[in-house]
>>> print(open('my_file35.tsv').read())   # TSV, C-alpha atoms
chain	number	residue	atom	x	y	z
A	5	MET	CA	0.00	0.00	0.00
A	6	SER	CA	1.11	3.59	-0.55
A	7	PHE	CA	-0.06	6.89	0.86
A	8	GLN	CA	-0.93	10.16	-0.85
A	9	VAL	CA	-0.67	13.66	0.58
A	10	LYS	CA	-1.85	17.08	-0.48
A	11	SER	CA	0.43	19.40	-2.38
A	12	GLY	CA	2.16	21.60	0.18
A	13	TYR	CA	2.35	18.95	2.88
A	14	THR	CA	5.74	17.96	4.25
A	15	PRO	CA	6.51	16.58	7.70
A	16	PHE	CA	7.80	19.27	10.05
A	17	THR	CA	11.35	19.51	11.30
A	18	GLN	CA	12.42	21.67	14.22
A	19	GLU	CA	13.35	24.35	11.70
A	20	SER	CA	10.23	24.20	9.53
A	21	VAL	CA	7.83	24.23	12.49
A	22	VAL	CA	9.31	27.62	13.39
A	23	HIS	CA	8.66	28.87	9.84
A	24	PHE	CA	5.09	27.60	10.20
A	25	LEU	CA	4.53	29.61	13.39
A	26	VAL	CA	6.11	32.70	11.85
A	27	HIS	CA	3.85	32.35	8.81
A	28	HIS	CA	0.80	32.27	11.06
A	29	ASN	CA	2.01	35.26	13.11
A	30	PHE	CA	2.54	33.45	16.38
A	31	ILE	CA	6.16	34.54	16.60
A	32	ASP	CA	8.53	37.06	15.09
A	33	PRO	CA	11.37	35.66	12.92
A	34	SER	CA	13.92	37.20	15.28
A	35	SER	CA	12.41	35.72	18.44
A	36	PRO	CA	14.77	33.61	20.58
A	37	LEU	CA	13.17	30.17	20.59
A	38	LEU	CA	13.48	26.82	22.26
A	39	VAL	CA	12.11	24.01	20.07
A	40	LYS	CA	11.76	20.37	21.11
A	41	GLU	CA	10.11	17.37	19.51
A	42	ILE	CA	8.24	15.77	22.39
A	43	GLY	CA	5.80	13.32	20.82
A	44	ASP	CA	5.90	9.72	21.95
A	45	GLY	CA	2.69	8.64	20.25
A	46	ASN	CA	2.14	6.26	17.37
A	47	LEU	CA	0.65	8.52	14.69
A	48	ASN	CA	1.98	12.09	14.87
A	49	TYR	CA	4.79	14.57	15.37
A	50	VAL	CA	4.44	16.86	18.39
A	51	PHE	CA	6.61	19.94	18.95
A	52	HIS	CA	6.94	22.24	21.95
A	53	VAL	CA	7.95	25.76	20.95
A	54	GLN	CA	8.77	28.46	23.50
A	55	ASN	CA	9.60	32.12	22.99
A	56	LYS	CA	12.41	32.59	25.51
A	57	ALA	CA	11.96	36.36	25.55
A	58	THR	CA	8.25	36.35	26.43
A	59	GLU	CA	7.94	32.80	27.86
A	60	GLU	CA	4.94	32.24	25.58
A	61	SER	CA	4.74	28.64	24.41
A	62	TRP	CA	2.72	26.46	22.06
A	63	ILE	CA	2.21	22.84	21.15
A	64	VAL	CA	2.22	22.05	17.43
A	65	LYS	CA	0.84	18.65	16.50
A	66	GLN	CA	1.15	17.37	12.95
A	67	ALA	CA	-0.42	14.21	11.58
A	68	LEU	CA	1.75	11.83	9.57
A	69	PRO	CA	0.33	10.08	6.49
A	70	TYR	CA	1.08	6.70	8.05
A	71	ALA	CA	1.19	5.05	11.48
A	72	LYS	CA	4.58	5.64	13.10
A	73	VAL	CA	4.21	2.49	15.15
A	74	VAL	CA	4.07	0.38	11.95
A	75	GLY	CA	5.63	2.50	9.20
A	76	GLU	CA	4.73	3.60	5.70
A	77	SER	CA	3.03	0.27	4.97
A	78	TRP	CA	0.07	1.49	7.06
A	79	PRO	CA	-1.22	4.64	5.32
A	80	LEU	CA	-3.61	6.98	7.14
A	81	THR	CA	-5.63	9.97	6.06
A	82	LEU	CA	-4.36	13.38	7.11
A	83	ASP	CA	-7.98	14.46	7.62
A	84	ARG	CA	-7.73	12.98	11.09
A	85	SER	CA	-5.88	16.16	12.06
A	86	ARG	CA	-8.97	18.20	11.20
A	87	ILE	CA	-11.16	15.76	13.10
A	88	GLU	CA	-8.96	16.04	16.18
A	89	SER	CA	-8.94	19.83	16.01
A	90	GLU	CA	-12.72	20.04	15.62
A	91	ALA	CA	-13.28	17.49	18.38
A	92	LEU	CA	-11.12	19.55	20.75
A	93	ILE	CA	-13.03	22.70	19.82
A	94	GLN	CA	-16.34	20.88	20.33
A	95	ALA	CA	-15.27	19.60	23.75
A	96	HIS	CA	-13.97	23.04	24.72
A	97	SER	CA	-17.35	24.55	23.88
A	98	LEU	CA	-18.98	22.14	26.35
A	99	VAL	CA	-16.38	21.71	29.10
A	100	PRO	CA	-13.65	24.34	28.59
A	101	GLU	CA	-12.05	23.51	31.93
A	102	PHE	CA	-11.23	20.00	30.69
A	103	SER	CA	-10.04	20.68	27.14
A	104	PRO	CA	-6.98	22.54	25.79
A	105	VAL	CA	-7.46	25.68	23.73
A	106	VAL	CA	-7.00	25.27	19.97
A	107	TYR	CA	-5.41	28.38	18.45
A	108	LEU	CA	-5.18	27.31	14.81
A	109	HIS	CA	-5.68	24.39	12.46
A	110	ASP	CA	-3.93	24.32	9.07
A	111	SER	CA	-5.51	21.63	6.89
A	112	GLU	CA	-2.80	21.80	4.20
A	113	LYS	CA	-0.09	21.04	6.73
A	114	ALA	CA	-2.37	18.73	8.78
A	115	ALA	CA	-1.19	20.67	11.81
A	116	THR	CA	-2.83	22.17	14.88
A	117	VAL	CA	-1.46	24.79	17.25
A	118	MET	CA	-2.83	24.42	20.75
A	119	GLU	CA	-2.37	25.32	24.38
A	120	ASP	CA	0.84	24.19	26.05
A	121	LEU	CA	0.09	21.88	28.97
A	122	SER	CA	3.69	21.41	30.12
A	123	SER	CA	2.64	22.22	33.67
A	124	HIS	CA	0.62	19.00	33.64
A	125	THR	CA	1.66	15.33	33.74
A	126	ILE	CA	0.43	12.49	31.56
A	127	LEU	CA	-1.94	10.59	33.83
A	128	ARG	CA	-0.46	7.19	33.01
A	129	LYS	CA	2.99	8.26	34.16
A	130	GLY	CA	1.60	9.84	37.32
A	131	LEU	CA	-0.26	6.66	38.22
A	132	ILE	CA	2.86	4.54	37.68
A	133	GLU	CA	4.67	6.86	40.09
A	134	GLY	CA	1.90	6.44	42.65
A	135	ARG	CA	0.57	9.97	42.58
A	136	VAL	CA	-2.91	10.86	43.80
A	137	TYR	CA	-5.12	13.30	41.88
A	138	PRO	CA	-8.03	14.32	44.13
A	139	GLU	CA	-10.12	15.92	41.36
A	140	LEU	CA	-9.45	13.36	38.63
A	141	ALA	CA	-12.52	11.14	38.96
A	142	ARG	CA	-14.97	14.00	39.39
A	143	ASN	CA	-13.46	15.81	36.41
A	144	VAL	CA	-13.50	12.77	34.13
A	145	GLY	CA	-17.07	11.87	35.12
A	146	THR	CA	-18.20	15.43	34.43
A	147	TYR	CA	-16.35	15.53	31.10
A	148	LEU	CA	-17.96	12.27	30.00
A	149	ALA	CA	-21.47	13.31	31.02
A	150	HIS	CA	-21.34	16.67	29.23
A	151	THR	CA	-19.63	15.52	26.04
A	152	LEU	CA	-21.76	12.39	25.67
A	153	PHE	CA	-25.08	14.03	26.55
A	154	PHE	CA	-24.75	17.25	24.57
A	155	THR	CA	-23.66	15.51	21.36
A	156	SER	CA	-26.47	12.92	21.54
A	157	ASP	CA	-30.02	13.01	20.22
A	158	TYR	CA	-31.17	13.75	23.75
A	159	GLY	CA	-29.01	16.82	24.31
A	160	LEU	CA	-28.68	18.13	20.78
A	161	GLY	CA	-31.82	17.03	18.99
A	162	SER	CA	-31.80	14.56	16.13
A	163	ALA	CA	-31.43	17.05	13.26
A	164	LYS	CA	-28.47	18.91	14.79
A	165	LYS	CA	-26.88	15.63	15.80
A	166	LYS	CA	-27.04	14.35	12.22
A	167	GLU	CA	-25.43	17.56	10.96
A	168	LEU	CA	-22.63	17.28	13.50
A	169	ALA	CA	-22.09	13.60	12.72
A	170	LYS	CA	-21.32	14.45	9.07
A	171	ARG	CA	-18.15	16.25	10.18
A	172	PHE	CA	-16.87	13.28	12.11
A	173	SER	CA	-16.86	10.41	9.65
A	174	ASN	CA	-13.53	8.83	10.56
A	175	PRO	CA	-13.14	5.52	8.71
A	176	ASP	CA	-9.36	5.21	8.90
A	177	LEU	CA	-9.09	5.63	12.65
A	178	CYS	CA	-12.25	3.61	13.28
A	179	GLY	CA	-10.66	0.89	11.17
A	180	ILE	CA	-7.67	0.84	13.52
A	181	THR	CA	-9.96	0.38	16.52
A	182	GLU	CA	-12.01	-2.28	14.76
A	183	SER	CA	-8.83	-4.23	14.04
A	184	LEU	CA	-6.80	-3.68	17.20
A	185	VAL	CA	-9.61	-3.82	19.79
A	186	PHE	CA	-12.29	-6.06	18.29
A	187	SER	CA	-10.58	-8.36	15.78
A	188	ASP	CA	-6.84	-8.99	15.98
A	189	PRO	CA	-6.55	-10.01	19.66
A	190	PHE	CA	-9.12	-12.75	19.09
A	191	TYR	CA	-7.29	-14.74	16.43
A	192	ASN	CA	-3.70	-15.35	15.40
A	193	ALA	CA	-3.19	-11.94	13.79
A	194	GLU	CA	0.25	-10.70	12.79
A	195	SER	CA	-0.17	-7.49	14.80
A	196	ASN	CA	-0.50	-9.32	18.13
A	197	ALA	CA	2.40	-9.24	20.57
A	198	PHE	CA	2.75	-11.63	23.49
A	199	SER	CA	5.20	-14.10	24.95
A	200	ASP	CA	5.33	-17.83	24.31
A	201	GLU	CA	4.60	-18.38	28.00
A	202	ILE	CA	1.13	-16.87	27.75
A	203	ARG	CA	0.23	-18.37	24.38
A	204	PRO	CA	-1.67	-21.33	25.90
A	205	ASP	CA	-3.91	-18.86	27.76
A	206	VAL	CA	-4.44	-16.85	24.59
A	207	GLU	CA	-5.32	-19.92	22.55
A	208	ILE	CA	-7.98	-20.85	25.10
A	209	LEU	CA	-9.62	-17.49	24.34
A	210	TRP	CA	-9.38	-18.08	20.61
A	211	GLU	CA	-11.08	-21.47	20.92
A	212	ASP	CA	-14.02	-20.33	23.08
A	213	GLN	CA	-16.82	-19.73	20.57
A	214	ASP	CA	-19.32	-18.44	23.14
A	215	PHE	CA	-16.77	-15.83	24.19
A	216	LEU	CA	-15.97	-14.90	20.58
A	217	ASN	CA	-19.68	-14.46	19.87
A	218	GLU	CA	-19.89	-11.90	22.68
A	219	VAL	CA	-16.87	-10.05	21.29
A	220	ALA	CA	-18.61	-10.01	17.90
A	221	SER	CA	-21.69	-8.52	19.55
A	222	LEU	CA	-19.61	-5.74	21.10
A	223	LYS	CA	-17.91	-5.09	17.77
A	224	HIS	CA	-21.35	-4.80	16.15
A	225	SER	CA	-22.31	-2.19	18.75
A	226	PHE	CA	-19.12	-0.25	18.03
A	227	LEU	CA	-19.84	-0.35	14.29
A	228	THR	CA	-23.52	0.60	14.43
A	229	LYS	CA	-24.36	2.45	17.65
A	230	GLY	CA	-23.90	6.13	16.79
A	231	GLU	CA	-25.12	7.52	20.11
A	232	ALA	CA	-22.76	10.45	20.68
A	233	LEU	CA	-19.56	12.10	19.54
A	234	ILE	CA	-17.03	10.01	21.43
A	235	HIS	CA	-13.35	10.66	22.06
A	236	GLY	CA	-12.60	7.19	20.75
A	237	ASP	CA	-9.30	6.59	22.57
A	238	LEU	CA	-9.79	7.75	26.16
A	239	HIS	CA	-6.94	5.98	27.93
A	240	THR	CA	-4.72	7.32	30.70
A	241	GLY	CA	-2.19	8.50	28.13
A	242	SER	CA	-4.85	10.84	26.72
A	243	LEU	CA	-5.20	12.92	29.87
A	244	PHE	CA	-2.93	15.64	31.24
A	245	VAL	CA	-3.35	16.20	34.97
A	246	THR	CA	-2.28	18.14	38.03
A	247	GLU	CA	-3.72	17.75	41.51
A	248	GLY	CA	-6.48	20.19	40.61
A	249	SER	CA	-6.70	20.12	36.81
A	250	THR	CA	-7.64	17.55	34.17
A	251	LYS	CA	-7.27	18.09	30.42
A	252	VAL	CA	-8.41	15.55	27.82
A	253	ILE	CA	-6.22	15.47	24.70
A	254	ASP	CA	-5.73	13.47	21.49
A	255	PRO	CA	-9.31	12.92	20.22
A	256	GLU	CA	-8.19	12.02	16.70
A	257	PHE	CA	-10.22	8.80	16.93
A	258	ALA	CA	-13.40	10.84	17.51
A	259	PHE	CA	-16.54	9.72	15.69
A	260	TYR	CA	-20.20	9.07	16.37
A	261	GLY	CA	-20.17	5.82	18.33
A	262	PRO	CA	-21.45	4.11	21.47
A	263	ALA	CA	-21.29	6.30	24.58
A	264	GLY	CA	-20.09	3.36	26.64
A	265	PHE	CA	-16.89	3.10	24.62
A	266	ASP	CA	-15.33	6.19	26.23
A	267	VAL	CA	-16.46	5.19	29.71
A	268	GLY	CA	-15.20	1.64	29.20
A	269	ALA	CA	-11.85	2.76	27.79
A	270	PHE	CA	-11.13	4.91	30.83
A	271	ILE	CA	-12.12	2.35	33.46
A	272	ALA	CA	-10.22	-0.37	31.56
A	273	ASN	CA	-7.01	1.61	31.80
A	274	ILE	CA	-7.48	2.29	35.51
A	275	THR	CA	-8.18	-1.42	35.91
A	276	LEU	CA	-4.89	-2.28	34.18
A	277	SER	CA	-3.15	0.04	36.61
A	278	ILE	CA	-4.83	-1.83	39.47
A	279	LEU	CA	-3.73	-5.21	38.13
A	280	SER	CA	-0.10	-4.07	37.89
A	281	GLN	CA	0.21	-2.55	41.38
A	282	GLU	CA	2.14	-5.44	42.88
A	283	ALA	CA	5.03	-4.62	40.54
A	284	HIS	CA	5.12	-0.90	41.29
A	285	ARG	CA	4.34	-0.59	45.04
A	286	THR	CA	5.75	-1.95	48.26
A	287	GLU	CA	3.40	-4.05	50.37
A	288	GLU	CA	2.97	-1.06	52.68
A	289	GLU	CA	1.99	1.23	49.79
A	290	LYS	CA	-0.13	-1.16	47.78
A	291	ASP	CA	-3.36	-1.36	49.77
A	292	GLY	CA	-3.73	2.40	50.09
A	293	TYR	CA	-3.08	3.02	46.41
A	294	LEU	CA	-5.42	0.24	45.34
A	295	ALA	CA	-8.15	1.84	47.45
A	296	TYR	CA	-7.51	5.13	45.64
A	297	LEU	CA	-7.75	3.50	42.19
A	298	PHE	CA	-10.91	1.59	43.08
A	299	GLY	CA	-12.31	4.91	44.27
A	300	VAL	CA	-11.46	6.55	40.93
A	301	ILE	CA	-13.48	3.97	39.00
A	302	THR	CA	-16.41	4.21	41.41
A	303	GLU	CA	-16.48	8.00	41.42
A	304	VAL	CA	-16.12	8.35	37.64
A	305	TRP	CA	-19.26	6.29	37.12
A	306	THR	CA	-21.29	7.84	39.95
A	307	VAL	CA	-20.42	11.38	38.83
A	308	PHE	CA	-21.16	10.49	35.21
A	309	ASP	CA	-24.48	8.92	36.18
A	310	SER	CA	-25.66	11.76	38.42
A	311	THR	CA	-24.50	14.50	36.04
A	312	PHE	CA	-26.07	12.82	33.02
A	313	ARG	CA	-29.35	12.53	34.95
A	314	SER	CA	-29.22	16.21	35.85
A	315	LEU	CA	-28.56	17.23	32.24
A	316	TRP	CA	-31.40	14.97	31.07
A	317	ASP	CA	-33.77	16.66	33.53
A	318	THR	CA	-32.80	20.20	32.50
A	319	HIS	CA	-31.69	20.00	28.86
A	320	LEU	CA	-33.58	17.16	27.17
A	321	SER	CA	-34.21	18.18	23.55
A	322	GLU	CA	-37.76	19.13	22.56
A	323	ASP	CA	-38.08	16.25	20.11
A	324	ASN	CA	-37.34	13.78	22.92
A	325	ARG	CA	-39.60	15.16	25.68
A	326	TYR	CA	-41.85	12.13	25.39
A	327	SER	CA	-38.94	9.84	26.32
A	328	ARG	CA	-38.19	11.26	29.79
A	329	GLY	CA	-38.95	7.89	31.37
A	330	TYR	CA	-36.36	6.16	29.17
A	331	LEU	CA	-33.41	7.55	31.15
A	332	ASN	CA	-32.83	4.55	33.43
A	333	THR	CA	-32.91	2.15	30.49
A	334	HIS	CA	-30.50	4.35	28.53
A	335	LEU	CA	-27.99	4.66	31.37
A	336	GLN	CA	-28.13	0.92	32.03
A	337	SER	CA	-27.39	0.30	28.35
A	338	ILE	CA	-24.38	2.62	28.53
A	339	PHE	CA	-23.18	0.85	31.68
A	340	VAL	CA	-23.45	-2.64	30.16
A	341	ASP	CA	-21.62	-1.47	27.04
A	342	SER	CA	-18.94	0.14	29.21
A	343	ILE	CA	-18.23	-3.13	31.02
A	344	GLY	CA	-17.99	-5.11	27.78
A	345	PHE	CA	-15.81	-2.54	26.04
A	346	ALA	CA	-13.57	-2.41	29.12
A	347	GLY	CA	-13.07	-6.16	28.79
A	348	CYS	CA	-12.08	-5.82	25.13
A	349	LYS	CA	-9.68	-3.00	25.94
A	350	ILE	CA	-8.03	-4.95	28.76
A	351	ILE	CA	-7.41	-7.93	26.48
A	352	ARG	CA	-6.23	-5.77	23.58
A	353	ARG	CA	-3.71	-3.95	25.80
A	354	THR	CA	-2.38	-7.28	27.06
A	355	ILE	CA	-1.87	-9.30	23.87
A	356	GLY	CA	-2.55	-6.91	20.97
A	357	LEU	CA	-0.48	-4.18	19.37
A	358	ALA	CA	0.79	-1.42	21.71
A	359	HIS	CA	0.70	-2.55	25.32
A	360	VAL	CA	0.46	-0.33	28.41
A	361	GLU	CA	3.52	0.98	30.20
A	362	GLU	CA	2.28	-0.27	33.59
A	363	ILE	CA	2.70	-3.86	32.43
A	364	GLU	CA	5.57	-3.44	29.96
A	365	THR	CA	7.84	-1.93	32.64
A	366	ILE	CA	7.47	-4.93	34.98
A	367	THR	CA	10.99	-6.35	35.18
A	368	ASP	CA	10.24	-9.65	36.92
A	369	PRO	CA	9.07	-12.02	34.13
A	370	GLU	CA	7.06	-14.20	36.53
A	371	VAL	CA	5.20	-11.23	37.98
A	372	LYS	CA	4.57	-9.84	34.50
A	373	LEU	CA	3.19	-13.18	33.30
A	374	ALA	CA	0.91	-13.41	36.34
A	375	VAL	CA	-0.42	-9.88	35.71
A	376	GLU	CA	-1.05	-10.66	32.04
A	377	ARG	CA	-2.91	-13.85	32.92
A	378	ARG	CA	-5.09	-12.01	35.42
A	379	ALA	CA	-5.81	-9.36	32.78
A	380	LEU	CA	-6.94	-11.97	30.24
A	381	THR	CA	-9.10	-13.75	32.80
A	382	LEU	CA	-10.72	-10.51	33.94
A	383	GLY	CA	-11.25	-9.22	30.40
A	384	LYS	CA	-13.00	-12.44	29.43
A	385	LYS	CA	-15.16	-12.38	32.56
A	386	LEU	CA	-16.25	-8.78	31.92
A	387	ILE	CA	-17.22	-9.55	28.33
A	388	LEU	CA	-19.16	-12.70	29.18
A	389	ASN	CA	-20.87	-11.35	32.31
A	390	ARG	CA	-21.42	-7.70	31.34
A	391	LYS	CA	-25.22	-8.01	31.36
A	392	ASN	CA	-25.15	-9.41	34.90
A	393	ILE	CA	-22.76	-6.80	36.31
A	394	ASP	CA	-25.49	-4.35	37.25
A	395	SER	CA	-23.63	-1.82	39.40
A	396	ILE	CA	-20.23	-0.20	39.70
A	397	LYS	CA	-19.79	-1.98	43.05
A	398	TYR	CA	-20.27	-5.31	41.26
A	399	TYR	CA	-17.61	-4.24	38.74
A	400	ILE	CA	-15.19	-3.39	41.56
A	401	ASP	CA	-15.90	-6.70	43.29
A	402	THR	CA	-15.19	-8.51	40.02
A	403	ILE	CA	-11.79	-6.81	39.74
A	404	LYS	CA	-10.96	-7.57	43.37
A	405	GLU	CA	-11.51	-11.27	42.72
A	406	GLY	CA	-8.62	-11.13	40.25
A	407	VAL	CA	-6.14	-8.97	42.18
>>> encode(input="my_file35.tsv", output="structure tokens")
Amino acid sequence: MSFQVKSGYTPFTQESVVHFLVHHNFIDPSSPLLVKEIGDGNLNYVFHVQNKATEESWIVKQALPYAKVVGESWPLTLDRSRIESEALIQAHSLVPEFSPVVYLHDSEKAATVMEDLSSHTILRKGLIEGRVYPELARNVGTYLAHTLFFTSDYGLGSAKKKELAKRFSNPDLCGITESLVFSDPFYNAESNAFSDEIRPDVEILWEDQDFLNEVASLKHSFLTKGEALIHGDLHTGSLFVTEGSTKVIDPEFAFYGPAGFDVGAFIANITLSILSQEAHRTEEEKDGYLAYLFGVITEVWTVFDSTFRSLWDTHLSEDNRYSRGYLNTHLQSIFVDSIGFAGCKIIRRTIGLAHVEEIETITDPEVKLAVERRALTLGKKLILNRKNIDSIKYYIDTIKEGV
């Protein structure tokens, strides 16, 4: 396969990103600058540019026409840069406190200039270090409720929702999710990555047809359930945090999909952090930090649930007034989807392409293998039992059985 790019597109270097900012009047050509490439993602270049004279700074993110993690054999549309920019702007219009400011998007260069969040830490790294973020769960729950309600039929109205959905057709990035989350981990795909020691456990999954049928059902929901404009990749590497601030970044996978996918992605990643605690904490530290992480999952759902209910009561669209009584059914559907999608995410991050740092940094091979086995067992249990897990407490109890 080959990739095609627009005339005028070239990948940025540290020198050309400065010319780009000068062209768009962010900086003067004579300004003393500090430029660093800081991106560690799989799909893009990210530059931090600071004017040393004024201390102003910017993040410039440019999409590549292929997946960095694979190479030029995996072409990707540059339009995902526009989608990410518009998704950030949409989120900022709803929850500005949880979304970085977008200053400019240049479609020709597939580049976006946005707020510098260098004062924040990537959540995944903070959790590995054992940090506590008191506002995290409340902020994430609020973000999810507002973004998922106000882009749905219930918060936006069906006509406006359909208009918005047109802007977020995202087949390339959805295709990645379809493959890496819902297909490849469940058969002997080339993209999978796991040790020989865990292969027998993996093959048991591949041979369980009842389990595979449930995965297929979840994939069908992902493909067909256009409930809201979802972030599409809401893991702990997609949040910048301080003790009092939470910013959601990287929504290039955004599209109209099932609301439970964002909720499930977040709780899956916290769950993976829980499963890996024995490798990152002393015995004295572990119980306290596990209690914090269990609390994060519980509070995210309870805040999401209560906030969504409040928004439903006060902002339900006129064309859905008749359906006021449907709220409990709708939230239960989101919850069940969240549990199933969390199971898929846990398995994908254990044996599929691109694992999580919490597990990959475990140096003791026996401990790592034990964590991976627990992750596979838990992921399978969540997928198979999602319709019976009827509360967030039940979800927490299910995790505790595997820790």
>>> closest_residue(input="my_file35.tsv", among="A:Asp341, A:Glu282, A:Glu88, A:Asp32", to="A:Leu294", atoms="all atoms listed in the file")
A:Glu282
>>> residues_near_point(input="my_file35.tsv", point="(1.2, -3.1, 25.8)", cutoff="12 Å", atoms="all atoms listed in the file", output="PyMOL selection string")
chain A and resi 184+195-199+273+276+349-366+372+376+379
>>> closest_residue(input="my_file35.tsv", among="A:Val307, A:Ala346, A:Ala258, A:Ile202", to="A:Ala169", atoms="all atoms listed in the file")
A:Ala258
>>> residues_around(input="my_file35.tsv", residues="stretch 23-29 of chain A", least_positions_apart="5", cutoff="10 Å", atoms="all atoms listed in the file", output="PyMOL selection string")
chain A and resi 16-18+34-35+53+62+64+108+110+113+115+117
>>> closest_residue(input="my_file35.tsv", among="A:Ser11, A:Thr306, A:Ser321, A:Ser221", to="A:Ile396", atoms="only C-alpha atoms")
A:Thr306
>>> closest_atom_pairs(input="my_file35.tsv", of="stretch 209-316 of chain A", to="stretch 127-139 of chain A", cutoff="9 Å", atoms="all atoms listed in the file", output="JSON lines")
{"residue": "A:His239", "atom": "CA", "partner": "A:Arg128", "partner_atom": "CA", "distance": 8.3}
{"residue": "A:Thr240", "atom": "CA", "partner": "A:Arg128", "partner_atom": "CA", "distance": 4.8}
{"residue": "A:Gly241", "atom": "CA", "partner": "A:Arg128", "partner_atom": "CA", "distance": 5.3}
{"residue": "A:Ser242", "atom": "CA", "partner": "A:Leu127", "partner_atom": "CA", "distance": 7.7}
{"residue": "A:Leu243", "atom": "CA", "partner": "A:Leu127", "partner_atom": "CA", "distance": 5.6}
{"residue": "A:Phe244", "atom": "CA", "partner": "A:Leu127", "partner_atom": "CA", "distance": 5.8}
{"residue": "A:Val245", "atom": "CA", "partner": "A:Leu127", "partner_atom": "CA", "distance": 5.9}
{"residue": "A:Thr246", "atom": "CA", "partner": "A:Tyr137", "partner_atom": "CA", "distance": 6.8}
{"residue": "A:Glu247", "atom": "CA", "partner": "A:Tyr137", "partner_atom": "CA", "distance": 4.7}
{"residue": "A:Gly248", "atom": "CA", "partner": "A:Glu139", "partner_atom": "CA", "distance": 5.7}
{"residue": "A:Ser249", "atom": "CA", "partner": "A:Glu139", "partner_atom": "CA", "distance": 7.1}
{"residue": "A:Thr250", "atom": "CA", "partner": "A:Glu139", "partner_atom": "CA", "distance": 7.8}
{"residue": "A:Asn273", "atom": "CA", "partner": "A:Arg128", "partner_atom": "CA", "distance": 8.7}
{"residue": "A:Ile274", "atom": "CA", "partner": "A:Leu131", "partner_atom": "CA", "distance": 8.9}
{"residue": "A:Ser277", "atom": "CA", "partner": "A:Leu131", "partner_atom": "CA", "distance": 7.4}
{"residue": "A:Gln281", "atom": "CA", "partner": "A:Ile132", "partner_atom": "CA", "distance": 8.4}
{"residue": "A:His284", "atom": "CA", "partner": "A:Ile132", "partner_atom": "CA", "distance": 6.9}
{"residue": "A:Arg285", "atom": "CA", "partner": "A:Gly134", "partner_atom": "CA", "distance": 7.8}
{"residue": "A:Glu289", "atom": "CA", "partner": "A:Gly134", "partner_atom": "CA", "distance": 8.8}
{"residue": "A:Tyr293", "atom": "CA", "partner": "A:Gly134", "partner_atom": "CA", "distance": 7.1}
{"residue": "A:Tyr296", "atom": "CA", "partner": "A:Val136", "partner_atom": "CA", "distance": 7.6}
{"residue": "A:Leu297", "atom": "CA", "partner": "A:Val136", "partner_atom": "CA", "distance": 9.0}
>>> closest_residue(input="my_file35.tsv", among="A:Glu19, A:Glu167, A:Glu182, A:Glu60", to="A:Ile31", atoms="only C-alpha atoms")
A:Glu60
>>> atom_distance(input="my_file35.tsv", atom1="atom CA of A:Arg328", atom2="atom CA of A:Ser395")
21.8 Å
>>> closest_residue(input="my_file35.tsv", among="A:Tyr398, A:Phe102, A:Trp210, A:Phe259", to="A:Phe298", atoms="all atoms listed in the file")
A:Tyr398
>>> closest_residue(input="my_file35.tsv", among="A:Thr318, A:Thr275, A:Ser342, A:Ser310", to="A:Asp401", atoms="only C-alpha atoms")
A:Thr275
>>> build_atoms(input="my_file35.tsv", residues="stretch 329-339 of chain A", atoms="N, CA and C atoms", output="PDB file, in the frame of the given file")
ATOM      1  N   GLY A 329     -38.993   9.103  30.568  1.00  0.00           N
ATOM      2  CA  GLY A 329     -38.950   7.890  31.370  1.00  0.00           C
ATOM      3  C   GLY A 329     -37.954   6.854  30.890  1.00  0.00           C
ATOM      4  N   TYR A 330     -37.303   7.116  29.757  1.00  0.00           N
ATOM      5  CA  TYR A 330     -36.360   6.160  29.170  1.00  0.00           C
ATOM      6  C   TYR A 330     -34.969   6.263  29.801  1.00  0.00           C
ATOM      7  N   LEU A 331     -34.756   7.258  30.649  1.00  0.00           N
ATOM      8  CA  LEU A 331     -33.410   7.550  31.150  1.00  0.00           C
ATOM      9  C   LEU A 331     -32.755   6.349  31.820  1.00  0.00           C
ATOM     10  N   ASN A 332     -33.444   5.680  32.718  1.00  0.00           N
ATOM     11  CA  ASN A 332     -32.830   4.550  33.430  1.00  0.00           C
ATOM     12  C   ASN A 332     -32.398   3.456  32.465  1.00  0.00           C
ATOM     13  N   THR A 333     -33.243   3.171  31.488  1.00  0.00           N
ATOM     14  CA  THR A 333     -32.910   2.150  30.490  1.00  0.00           C
ATOM     15  C   THR A 333     -31.679   2.571  29.691  1.00  0.00           C
ATOM     16  N   HIS A 334     -31.624   3.847  29.322  1.00  0.00           N
ATOM     17  CA  HIS A 334     -30.500   4.350  28.530  1.00  0.00           C
ATOM     18  C   HIS A 334     -29.193   4.268  29.310  1.00  0.00           C
ATOM     19  N   LEU A 335     -29.212   4.699  30.563  1.00  0.00           N
ATOM     20  CA  LEU A 335     -27.990   4.660  31.370  1.00  0.00           C
ATOM     21  C   LEU A 335     -27.551   3.220  31.642  1.00  0.00           C
ATOM     22  N   GLN A 336     -28.497   2.324  31.831  1.00  0.00           N
ATOM     23  CA  GLN A 336     -28.130   0.920  32.030  1.00  0.00           C
ATOM     24  C   GLN A 336     -27.494   0.344  30.778  1.00  0.00           C
ATOM     25  N   SER A 337     -27.986   0.743  29.612  1.00  0.00           N
ATOM     26  CA  SER A 337     -27.390   0.300  28.350  1.00  0.00           C
ATOM     27  C   SER A 337     -25.961   0.801  28.224  1.00  0.00           C
ATOM     28  N   ILE A 338     -25.734   2.073  28.568  1.00  0.00           N
ATOM     29  CA  ILE A 338     -24.380   2.620  28.530  1.00  0.00           C
ATOM     30  C   ILE A 338     -23.468   1.855  29.488  1.00  0.00           C
ATOM     31  N   PHE A 339     -23.982   1.553  30.682  1.00  0.00           N
ATOM     32  CA  PHE A 339     -23.180   0.850  31.680  1.00  0.00           C
ATOM     33  C   PHE A 339     -22.785  -0.546  31.184  1.00  0.00           C
TER      34      PHE A 339
END
